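Chemist: Pasting a structure below so you can have a look.
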Amino acid sequence: MFSIRRIYDATTAANRERLAQVQAILRAQFPQLGEAQIAKLPDQLTNPLKYRFRAVVLVAEDGRHGVRGFALMLHAPDLAFCYLDFLSAGRGQTGHGVGGALYQRVREDAAALGAVGLFFECLPDDPALSPDPGIRAQNAARLRFYERYGARPIANNAYATPLRPDDHDPPYLVLDPLGRDVLPGRDHVRAIVRAILERKYGDRCSPDYVERVVASFVDDPVKLREPRFRPTRPPPGARRPGKQPIALVVNDRHEIHHVRERGYVEAPVRISSILEELSRTRLFETATLERFPARHIEAVHDKSFVRYLKSAAESVPEGKSVYPYVFPIRNRARPPQSLPLRAGYYCIDTFTPLNANAYRAAVRAVDCALTAAQLILDGRRLAYALVRPPGHHAERASFGGFCYFNSAAVAAHFLSGNGRVAILDVDYHHGNGTQDIFYDRDDVLTISIHGHPRFTYPYFSGYEDETGEGAGRGFNVNLPLPESIGAEHYRPALERALARIRKFAPAFLVLSLGLDIVRGDPTGSWLLGAKDLKENGRLIGRLGLPTLVVQEGGYRTRTLGVNARNFFDGLWQGAH
């Protein structure tokens with residue numbers, strides 16, 4: 001068994017090891033490649049401007065992190081096309097479904113990127129171009145494989161023109177329209193052909209050669225060669241790779257955490273209000289929640305803090321809650337012995353109760369976020385962890401603000417093993433917990449847009465001069481805003497945050513979604529509406545990043561669902 005995983009960059013040790021295995025396959029399977037071409041692979045991932053393509057590396061990986069095959073796809077956003085540069089199984093892995101699974105994933109990713117088609121080269125099956133019968137048979141087998149998916153050579157052009165008179169087996173340019181009924185037009189394809197020849201082969205193709213080949217594409221729209229091979233049952237990957245739905249992971253046990261006290265607005269009805277409105281769209285696909293080991297929580301939270309929450313929760317009688325009421329100056333060597341007293345040692349306020357169900361629901365919320373993060377690693381572009389209790393106020397060793405464990409931070413750390421992560425917190429309140437957890441790291445960029453701490457909870461953090469420390473200096477960004485603002489003041493801050501994310505160039509985006517920035521929320525003072533949330537979502541979606549959304553605040557239940565639906569409408573439109 002194997003799974004398909006995308007390698008986003010070469011910053012982590014695990015990714016560097018996977019890329020080394022990919023390079024070993026290139027050396028073994030493509031001996032004609034020069035070492036310089038193989039060695040540049042990590043640089044292609046990290047420096048797309050240099051190569052004028054965004055590199056997408058997909059690996060088929062077994063349970064021991066062994067790479068059994070890979071695909072290298074080049075994405076040109078300026079021309080909205082993808083080019084499959086390499087697709088190969090490792091030695092001894094052919095015939096095990098590796099190639100088919102990789103090609104299926106390549107098609108899905110190309111469609112998700114909005115490509116007009118997937119282009120690639122295939123050696124010819126024409127005797128005039130491929131004189132060796134053995135080689136020609138191999139070429140025909142590859143063309144037969146791709147034809148089952150609807151990919152065929154583009155007809156009536158001079159792409160298969162040898163660079164030198166004595167060259168043989170010049171490649172066809174093949175197009176997989178990804179299930180589209182309409183093929184791209186002549187001028188668009190000419191621009192694509194020029195990009196392929198100049199960006200990939202600029203050191204080998206003369207300007208005259210490029211002009212001659214580009215001008216040979218005369219059909220408008222282009223035409224594909226007629227099917228040449230006997231029809232067979234299409235493989236599973238031959239289905240039309242449409243736009244992926246948003247993966248929805250819901251905390252199915254959140255209702256056990258129900259504090260029936262006046263003024264406690266973090267209630268179960270929040271989730272049902274959102275789900276009711278989301279069910280009216282066709283944007284979502286519910287995913288099964290998975291359980292994850294506690295080590296993921298302990299990777300971002302202090303172990304003694306985690307142990308305390310578990311012990312204290314187990315000690316509170318069913319139906320009862322403990323509220324902090326004594327807040328000692330924290331002496332790490334001498335914490336209070338009494339569990340109720342120690343609540344103040346670990347808590348930052350007086351209104352976040354501790355009980356058994358709060359702890360259980362918080363653990364389940366983390367599982368939701370990790371499930372959604374795993375779906376992102378498995379190829380989803382958008383995933384939504386609809387959880388309560390929220391998490392962004394939970395620091396390394398403290399809880400508060402209705403938050404116990406920081407689900408978004410746990411998921412971000414989980415994703416960071418596969419590439420750099422940006423966390424954008426758009427809740428009305430500062431994400432003090434997320435800031436605290438990543439304050440000294442440079443592989444996770446944290447940005448929070450929130451009400452100024454002069455008047456907004458948690459009051460003690462969220463100032464602009466809190467920019468990180470040590471290696472993390474410059475990687476924490478706070479954008480505090482005035483007390484009463486509308487979209488006209490909020491939007492510039494959001495655009496500033498998005499510009500910083502683009503500069504950071506992360507592999508993943510984790511969005512802490514607060515819906516308490518709207519008019520009438522009982523915990524906020526801003527004046528945004530549903531249409532503003534839709535536009536915010538659209539702008540965030542246009543980043544084009546694999547995005548995990550984790551629910552945080554939002555307490556005006558009469559409009560909560562409508563606001564969520566509008567945000568995700570915009571996010572979906574921006575991402576596609």
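Scheme for the structure tokens: letters A, B, ... for chains in order shown; per-chain residue numbers from 1; ligand numbers from 1 in order shown.
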Would you list, as a ChimeraX atom specification, the residues of range 338-503 of chain A that end up in alpha helix (DSSP H) under DSSP run on this structure's backbone?
Modeler: /A:339-346,356-377,407-416,432-438,487-503
Chemist: Taking the backbone alone, and naming residues the way the document does, which bits of range 25-194 of chain A are strand (DSSP E or B) by DSSP, as an MDAnalysis selection string?
Modeler: chainID A and resid 54:61 67:76 81:89 118:122 152:154 172:176
Chemist: Would you save the residues from that selection as a compact mmCIF listing (two decimals), in the first residue's frame, using N, CA and C atoms?
Modeler:
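Resulting contents of out.txt:
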# COMPACT_ATOMS: atom_id res chain seq x y z
N ARG A 54 5.87 27.21 -11.28
CA ARG A 54 5.74 26.67 -9.93
C ARG A 54 5.85 25.16 -10.02
N ALA A 55 6.80 24.59 -9.30
CA ALA A 55 7.00 23.14 -9.34
C ALA A 55 6.08 22.45 -8.33
N VAL A 56 5.43 21.39 -8.77
CA VAL A 56 4.59 20.56 -7.90
C VAL A 56 5.17 19.15 -7.92
N VAL A 57 5.66 18.70 -6.78
CA VAL A 57 6.24 17.35 -6.67
C VAL A 57 5.28 16.48 -5.87
N LEU A 58 4.88 15.38 -6.46
CA LEU A 58 4.02 14.40 -5.81
C LEU A 58 4.80 13.09 -5.68
N VAL A 59 4.72 12.47 -4.51
CA VAL A 59 5.41 11.20 -4.32
C VAL A 59 4.42 10.13 -3.88
N ALA A 60 4.61 8.94 -4.38
CA ALA A 60 3.89 7.76 -3.88
C ALA A 60 4.76 7.17 -2.78
N GLU A 61 4.24 7.19 -1.56
CA GLU A 61 5.06 6.89 -0.39
C GLU A 61 4.48 5.70 0.36
N VAL A 67 9.92 6.31 -1.04
CA VAL A 67 9.30 6.85 -2.24
C VAL A 67 9.29 5.77 -3.32
N ARG A 68 8.10 5.35 -3.72
CA ARG A 68 7.96 4.29 -4.74
C ARG A 68 7.78 4.85 -6.14
N GLY A 69 7.53 6.12 -6.25
CA GLY A 69 7.36 6.77 -7.54
C GLY A 69 7.09 8.25 -7.31
N PHE A 70 7.17 9.03 -8.38
CA PHE A 70 6.95 10.47 -8.22
C PHE A 70 6.44 11.07 -9.51
N ALA A 71 5.90 12.26 -9.39
CA ALA A 71 5.52 13.08 -10.55
C ALA A 71 6.00 14.49 -10.29
N LEU A 72 6.53 15.13 -11.33
CA LEU A 72 6.91 16.54 -11.27
C LEU A 72 6.05 17.29 -12.29
N MET A 73 5.18 18.15 -11.77
CA MET A 73 4.32 18.96 -12.62
C MET A 73 4.71 20.42 -12.48
N LEU A 74 4.74 21.13 -13.59
CA LEU A 74 5.07 22.55 -13.62
C LEU A 74 3.80 23.34 -13.87
N HIS A 75 3.55 24.34 -13.03
CA HIS A 75 2.34 25.15 -13.14
C HIS A 75 2.71 26.56 -13.56
N ALA A 76 2.06 27.05 -14.60
CA ALA A 76 2.27 28.42 -15.08
C ALA A 76 0.99 29.21 -14.81
N PHE A 81 -1.93 26.98 -17.27
CA PHE A 81 -1.75 25.62 -17.76
C PHE A 81 -0.76 24.89 -16.86
N CYS A 82 -0.80 23.57 -16.93
CA CYS A 82 0.16 22.72 -16.21
C CYS A 82 0.88 21.84 -17.21
N TYR A 83 2.13 21.55 -16.89
CA TYR A 83 2.98 20.73 -17.76
C TYR A 83 3.56 19.60 -16.92
N LEU A 84 3.29 18.37 -17.32
CA LEU A 84 3.81 17.20 -16.62
C LEU A 84 5.22 16.92 -17.13
N ASP A 85 6.20 17.18 -16.28
CA ASP A 85 7.60 17.06 -16.69
C ASP A 85 8.09 15.62 -16.55
N PHE A 86 7.79 14.98 -15.42
CA PHE A 86 8.21 13.60 -15.19
C PHE A 86 7.10 12.86 -14.46
N LEU A 87 6.94 11.60 -14.80
CA LEU A 87 6.07 10.67 -14.08
C LEU A 87 6.76 9.32 -14.13
N SER A 88 7.18 8.82 -12.97
CA SER A 88 7.97 7.59 -12.99
C SER A 88 7.80 6.81 -11.70
N ALA A 89 7.70 5.51 -11.84
CA ALA A 89 7.81 4.61 -10.69
C ALA A 89 9.28 4.29 -10.47
N LEU A 118 -3.74 19.82 -19.10
CA LEU A 118 -2.45 19.28 -18.68
C LEU A 118 -1.68 18.90 -19.93
N PHE A 119 -0.54 19.54 -20.16
CA PHE A 119 0.28 19.30 -21.34
C PHE A 119 1.50 18.47 -20.94
N PHE A 120 1.97 17.65 -21.85
CA PHE A 120 3.20 16.91 -21.63
C PHE A 120 3.68 16.32 -22.95
N GLU A 121 4.89 15.79 -22.94
CA GLU A 121 5.47 15.21 -24.13
C GLU A 121 5.42 13.69 -24.06
N CYS A 122 5.17 13.07 -25.20
CA CYS A 122 5.24 11.61 -25.33
C CYS A 122 6.00 11.29 -26.61
N ARG A 152 -4.48 12.94 -25.62
CA ARG A 152 -3.98 12.52 -26.93
C ARG A 152 -3.08 13.61 -27.51
N PRO A 153 -2.20 13.26 -28.45
CA PRO A 153 -1.36 14.27 -29.08
C PRO A 153 -2.19 15.34 -29.77
N ILE A 154 -1.72 16.58 -29.70
CA ILE A 154 -2.36 17.66 -30.45
C ILE A 154 -2.03 17.48 -31.93
N TYR A 172 5.81 14.10 -29.33
CA TYR A 172 4.53 14.78 -29.56
C TYR A 172 4.25 15.68 -28.36
N LEU A 173 3.46 16.72 -28.57
CA LEU A 173 2.89 17.48 -27.46
C LEU A 173 1.48 16.93 -27.22
N VAL A 174 1.28 16.39 -26.04
CA VAL A 174 0.01 15.75 -25.68
C VAL A 174 -0.78 16.69 -24.78
N LEU A 175 -2.10 16.66 -24.95
CA LEU A 175 -2.99 17.47 -24.12
C LEU A 175 -4.03 16.59 -23.47
N ASP A 176 -4.10 16.69 -22.15
CA ASP A 176 -5.20 16.10 -21.40
C ASP A 176 -6.14 17.25 -21.04
Chemist: Just checking: using only C-alpha atoms, which residue out of A:Ala151, A:Phe399, A:Gln244, A:Thr12 ends up closest to Ser416 in chain A?
Modeler: A:Thr12
Chemist: Can you tell me which residues surround Thr523 in chain A at a distance of at most 12 Å, considering only C-alpha atoms, apart from same-chain residues fewer than 5 positions away, and format the answer as a PyMOL selection string?
Modeler: chain A and resi 263-266+401+427-429+451+455-458+483+514-518+553-556
Chemist: List every residue of range 488-569 of chain A that has an atom at most 12 Å from any atom of range 442-446 of chain A, and for each one report the closest atom pair and its distance in Å to one decimal, counting only C-alpha atoms, with rows sorted by chain and then by increasing residue number, as CSV.
Modeler:
residue,atom,partner,partner_atom,distance
A:Ala497,CA,A:Thr446,CA,9.9
A:Leu498,CA,A:Leu445,CA,11.6
A:Arg500,CA,A:Leu445,CA,9.1
A:Ile501,CA,A:Leu445,CA,7.8
A:Arg502,CA,A:Leu445,CA,11.0
A:Lys503,CA,A:Leu445,CA,10.6
A:Phe504,CA,A:Leu445,CA,7.6
A:Ala505,CA,A:Leu445,CA,9.9
A:Pro506,CA,A:Val444,CA,8.4
A:Ala507,CA,A:Val444,CA,10.3
A:Phe508,CA,A:Val444,CA,9.7
A:Leu509,CA,A:Leu445,CA,9.5
A:Val510,CA,A:Thr446,CA,9.5
A:Leu511,CA,A:Thr446,CA,10.1
A:Ser512,CA,A:Thr446,CA,10.5
Chemist: Excluding range 132-137 of chain A and residues on its chain fewer than 6 positions from it, collect all residues at most 12 Å away from it, counting only C-alpha atoms, and give them as a list in words.
Modeler: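 Non-adjacent residues within range: Cys122, Leu123, Pro124, Asp125, Asp126, Leu143, Arg144, His168, Asp169, Pro170 and Pro171 of chain A.
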Chemist: Quick one: residues within 12 Å of Ala383 in chain A, only C-alpha atoms, excluding same-chain residues fewer than 3 positions away - as an NGL selection string?
Modeler: :A and (244-250 or 283-287 or 368-380 or 386 or 411 or 508-511 or 545-551 or 568 or 571-572)
Chemist: Tell me which protein, DNA and RNA residues are within 6 Å of range 212-226 of chain A, counting only C-alpha atoms, leaving out same-chain ones fewer than 3 positions away, and put them as an NGL selection string.
Modeler: :A and (152-155 or 157-159 or 184-186 or 190 or 209)
